[in-house]
Amino acid sequence: MSNDQLRLALPSNNRMDEATRHYFERAGITVRRPSPRQYTGTLRGVEGVSVLFQRASDVVGKVDTGLADIGVTGLNLVREFANDDDALVVLLDDLGFSRCRLVVAVPEAWMDVTAAADLADLAADFRARGRTLRVMTGSPNLVRDFLQKWGVEHFHIVEGEGALEAAPAIDTADIVADITETGTTLRDNRLRILDDGTILESQACLIGNRHALRASAWKRERVRHLLELVEATERSRRFRVVTANVRGENASEVAEHVIRQVETAGTLGPTVAPVFPKQRATVFASGPTVTAIETGFYAVTMVIDAALLIPAVDHLRAAERSSGITVTSPDYVFAPYSEAYHVMLRNLGLPVEANG
């Protein structure tokens with residue numbers, strides 16, 4: 001991967017891979033991977049970006065060491081695997097997908113163990129009987145910190161990946177600390193999440209190598225292009241473009257009717273233009289012309305909040321004023337600046353750049 005490109009590390013395994021691709025594709029950015037056996041690829045939609053495919057957990061290390069400039073992974077993995085140095089920075093902590101929780105769950109039969117504080121007594125009881133409380137998890141650092149915070153002194157971490165919820169049933173662990181979205185799999189295996197057993201709320205996040213991004217304005221500009229497209233796409237989901245032919249004496253009178261109700265006022269106000277009749281052109285040697293006779297209708301276009309669509313249509317229909325009402329969804333809605341990019345700059349400790 002060339003050093004003159006922005007190097008983006010993306011997850012290549014589990015559902016985060018598919019969710020990440022969908023996240024970019026909604027913004028018109030296609031992730032291209034020639035073969036599932038290849039670990040490099042490209043983006044179509046933003047120039048100057050090369051892609052490195054890694055396990056979601058390994059994305060953290062690639063960005064931390066500078067082998068990638070930015071990456072998409074789970075916030076739980078960042079908290080678990082990031083080094084103590086300041087090389088890795090969370091640029092955006094919530095990309096809006098892959099939401100889950102890291103939780104502690106115990107067997108349903110343990111009716112007297114309902115809260116994290118009960119685990120300290122449980123561990124002490126195990127120790128008195130010559131045993132050590134075994135905790136199965138794929139996040140040993142986060143779990144160790146959580147248990148120690150609650151005063152659990154005697155326990156043994158059993159590291160594992162996949163199907164951790166089966167550990168108590170097959171006696172490879174006593175309790176589990178696992179990632180869950182709904183808790184269904186834990187319940188199906190007769191496990192119960194402690195009342196205060198959520199260690200971390202997690203979701204997909206964007207991370208970056210602080211040193212690489214601070215050193216290169218060119219790489220920051222590539223990141224801005226990515227963020228602008230993604231942010232404008234997400235924002236566009238909240239809006240609709242409504243066009244209608246509205247009868248009126250003049251453009252001002254039509255505009256007054258349209259903005260009389262907040263649903264049709266639009267973000268800045270409507271665009272109003274006269275509608276000319278369809279009529280036969282008069283042919284001259286220099287070419288056809290059309291007599292500019294107005295029809296009494298005006299074309300009105302406005303951008304409105306999607307939640308106000310039906311009230312807006314109803315208002316345009318009022319007093320039989322309107323015809324030909326059409327609605328489309330914009331692909332992008334750009335703000336005066338990219339909020340996400342400004343957040344990134346602040347997290348890097350840099351001033352806001354003029355084009356951002």
# chains A, B, ... in the order shown; residues from 1 in each chain; ligands from 1
$ closest_atom_pairs --of "region 34-59 of chain A" --to "region 218-226 of chain A" --cutoff "12 Å" --atoms "only C-alpha atoms" --output "Markdown table"
| residue | atom | partner | partner_atom | distance |
| --- | --- | --- | --- | --- |
| A:Leu43 | CA | A:Leu226 | CA | 10.2 |
| A:Arg44 | CA | A:Leu226 | CA | 11.1 |
| A:Gly45 | CA | A:Leu226 | CA | 8.8 |
| A:Val46 | CA | A:Leu226 | CA | 6.8 |
| A:Glu47 | CA | A:Arg222 | CA | 7.7 |
| A:Gly48 | CA | A:Arg222 | CA | 7.1 |
| A:Val49 | CA | A:Arg222 | CA | 7.5 |
| A:Ser50 | CA | A:Arg222 | CA | 11.0 |
$ write_last_selection --atoms "N, CA, C and O atoms" --output "PDB file, in the first residue's frame"
ATOM      1  N   LEU A  43     -11.410   2.070  -2.846  1.00  0.00           N
ATOM      2  CA  LEU A  43     -12.717   2.709  -2.752  1.00  0.00           C
ATOM      3  C   LEU A  43     -13.027   3.365  -4.083  1.00  0.00           C
ATOM      4  O   LEU A  43     -12.157   3.999  -4.688  1.00  0.00           O
ATOM      5  N   ARG A  44     -14.262   3.221  -4.543  1.00  0.00           N
ATOM      6  CA  ARG A  44     -14.717   3.957  -5.711  1.00  0.00           C
ATOM      7  C   ARG A  44     -15.676   5.025  -5.218  1.00  0.00           C
ATOM      8  O   ARG A  44     -16.693   4.727  -4.611  1.00  0.00           O
ATOM      9  N   GLY A  45     -15.331   6.266  -5.465  1.00  0.00           N
ATOM     10  CA  GLY A  45     -16.140   7.382  -4.987  1.00  0.00           C
ATOM     11  C   GLY A  45     -15.310   8.431  -4.289  1.00  0.00           C
ATOM     12  O   GLY A  45     -15.706   9.590  -4.201  1.00  0.00           O
ATOM     13  N   VAL A  46     -14.143   8.030  -3.788  1.00  0.00           N
ATOM     14  CA  VAL A  46     -13.196   8.967  -3.172  1.00  0.00           C
ATOM     15  C   VAL A  46     -11.809   8.579  -3.663  1.00  0.00           C
ATOM     16  O   VAL A  46     -11.362   7.446  -3.472  1.00  0.00           O
ATOM     17  N   GLU A  47     -11.141   9.503  -4.312  1.00  0.00           N
ATOM     18  CA  GLU A  47      -9.817   9.207  -4.855  1.00  0.00           C
ATOM     19  C   GLU A  47      -8.756   9.212  -3.765  1.00  0.00           C
ATOM     20  O   GLU A  47      -8.890   9.878  -2.739  1.00  0.00           O
ATOM     21  N   GLY A  48      -7.687   8.450  -4.030  1.00  0.00           N
ATOM     22  CA  GLY A  48      -6.528   8.486  -3.152  1.00  0.00           C
ATOM     23  C   GLY A  48      -6.669   7.683  -1.885  1.00  0.00           C
ATOM     24  O   GLY A  48      -5.955   7.953  -0.916  1.00  0.00           O
ATOM     25  N   VAL A  49      -7.563   6.692  -1.869  1.00  0.00           N
ATOM     26  CA  VAL A  49      -7.762   5.865  -0.677  1.00  0.00           C
ATOM     27  C   VAL A  49      -7.504   4.405  -1.030  1.00  0.00           C
ATOM     28  O   VAL A  49      -8.064   3.879  -1.992  1.00  0.00           O
ATOM     29  N   SER A  50      -6.630   3.751  -0.280  1.00  0.00           N
ATOM     30  CA  SER A  50      -6.412   2.322  -0.416  1.00  0.00           C
ATOM     31  C   SER A  50      -6.944   1.632   0.832  1.00  0.00           C
ATOM     32  O   SER A  50      -6.962   2.219   1.916  1.00  0.00           O
TER      33      SER A  50
END
$ residues_around --residues "His257 (chain A)" --least-positions-apart "4" --cutoff "10 Å" --atoms "only C-alpha atoms" --output "compact mmCIF listing (two decimals) with N, CA, C and O atoms, in the first residue's frame"
# COMPACT_ATOMS: atom_id res chain seq x y z
N VAL A 246 -49.04 25.23 -8.36
CA VAL A 246 -50.00 25.89 -7.47
C VAL A 246 -50.62 27.08 -8.20
O VAL A 246 -49.91 27.92 -8.76
N GLY A 248 -52.37 30.68 -8.67
CA GLY A 248 -52.32 31.95 -7.97
C GLY A 248 -52.31 33.13 -8.92
O GLY A 248 -52.08 32.97 -10.13
N SER A 252 -45.87 36.10 -5.77
CA SER A 252 -45.90 36.51 -4.37
C SER A 252 -47.10 35.94 -3.64
O SER A 252 -47.00 35.51 -2.49
N GLU A 253 -48.25 35.93 -4.33
CA GLU A 253 -49.46 35.41 -3.71
C GLU A 253 -49.34 33.90 -3.45
O GLU A 253 -49.77 33.39 -2.42
N GLN A 261 -48.10 27.94 6.25
CA GLN A 261 -48.07 26.78 7.14
C GLN A 261 -46.64 26.27 7.24
O GLN A 261 -45.94 26.16 6.22
N THR A 264 -44.95 23.56 4.89
CA THR A 264 -44.57 23.82 3.51
C THR A 264 -43.62 25.01 3.38
O THR A 264 -43.29 25.42 2.25
N ALA A 265 -43.16 25.54 4.48
CA ALA A 265 -42.26 26.69 4.41
C ALA A 265 -40.89 26.29 3.89
O ALA A 265 -40.17 27.12 3.32
N HIS A 315 -51.70 20.74 2.77
CA HIS A 315 -51.76 22.20 2.68
C HIS A 315 -51.70 22.66 1.23
O HIS A 315 -52.41 23.61 0.83
N LEU A 316 -50.87 22.00 0.42
CA LEU A 316 -50.78 22.38 -0.99
C LEU A 316 -52.09 22.09 -1.73
O LEU A 316 -52.45 22.78 -2.68
N ALA A 318 -55.03 22.48 -0.51
CA ALA A 318 -56.10 23.31 0.03
C ALA A 318 -56.69 24.22 -1.04
O ALA A 318 -55.98 24.79 -1.88
N ARG A 321 -55.93 24.36 -4.98
CA ARG A 321 -54.91 25.23 -5.54
C ARG A 321 -53.85 24.46 -6.35
O ARG A 321 -53.20 25.02 -7.20
$ select_by_dssp --residues "region 60-274 of chain A" --states "strand (DSSP E)" --output "PyMOL selection string"
chain A and resi 70-74+88-92+100-107+133-137+155-159+175-180+191-202+204-209+239-247+271-274
$ residues_around --residues "Ser202 (chain A)" --least-positions-apart "3" --cutoff "12 Å" --atoms "only C-alpha atoms" --output "ChimeraX atom specification"
/A:73-80,93-103,179-181,198-199,205
$ closest_residue --among "A:Ala204, A:Val262, A:Ala9, A:Val176" --to "Ala163 (chain A)" --atoms "only C-alpha atoms"
A:Val176
$ atom_distance --atom1 "CA of Ile157 (chain A)" --atom2 "CA of Ala124 (chain A)"
15.7 Å
$ atom_distance --atom1 "CA of Arg214 (chain A)" --atom2 "CA of Leu348 (chain A)"
6.9 Å
$ residues_around --residues "Thr137 (chain A)" --least-positions-apart "3" --cutoff "8 Å" --atoms "only C-alpha atoms" --output "list in words"
Pro140, Val143, Ile157, Val158, Glu159, Gly160, Glu161, Leu164, Val176, Ala177 and Asp178 of chain A
$ closest_residue --among "A:Gly162, A:Gly151, A:Pro330, A:Gly61" --to "Ala123 (chain A)" --atoms "only C-alpha atoms"
A:Gly151
$ residues_around --residues "region 186-188 of chain A" --least-positions-apart "5" --cutoff "8 Å" --atoms "only C-alpha atoms" --output "ChimeraX atom specification"
/A:105,165,193
$ closest_residue --among "A:Asp174, A:Arg235, A:Pro168, A:Arg190" --to "Glu339 (chain A)" --atoms "only C-alpha atoms"
A:Arg235
$ atom_distance --atom1 "CA of His154 (chain A)" --atom2 "CA of Phe126 (chain A)"
8.7 Å
$ closest_residue --among "A:Leu88, A:Ala68, A:Leu350, A:Ala340" --to "Leu227 (chain A)" --atoms "only C-alpha atoms"
A:Ala340
$ select_by_dssp --residues "region 111-174 of chain A" --states "helix (DSSP H, G or I)" --output "NGL selection string"
:A and (118-128 or 140-149 or 164-166)
$ closest_residue --among "A:Leu308, A:Ala116, A:Ile70, A:Ala109" --to "Leu6 (chain A)" --atoms "only C-alpha atoms"
A:Ile70
$ residues_around --residues "Lys62 (chain A)" --least-positions-apart "3" --cutoff "12 Å" --atoms "only C-alpha atoms" --output "number ranges by chain"
A: 7-11, 51-59, 65-73, 78, 81-83, 87-88, 207-209
$ residues_around --residues "Pro274 (chain A)" --least-positions-apart "2" --cutoff "12 Å" --atoms "only C-alpha atoms" --output "PyMOL selection string"
chain A and resi 244-252+254-255+271-272+276-277+292-301
$ closest_residue --among "A:Gly130, A:Arg21, A:Val89, A:Gly28" --to "Ala212 (chain A)" --atoms "only C-alpha atoms"
A:Val89
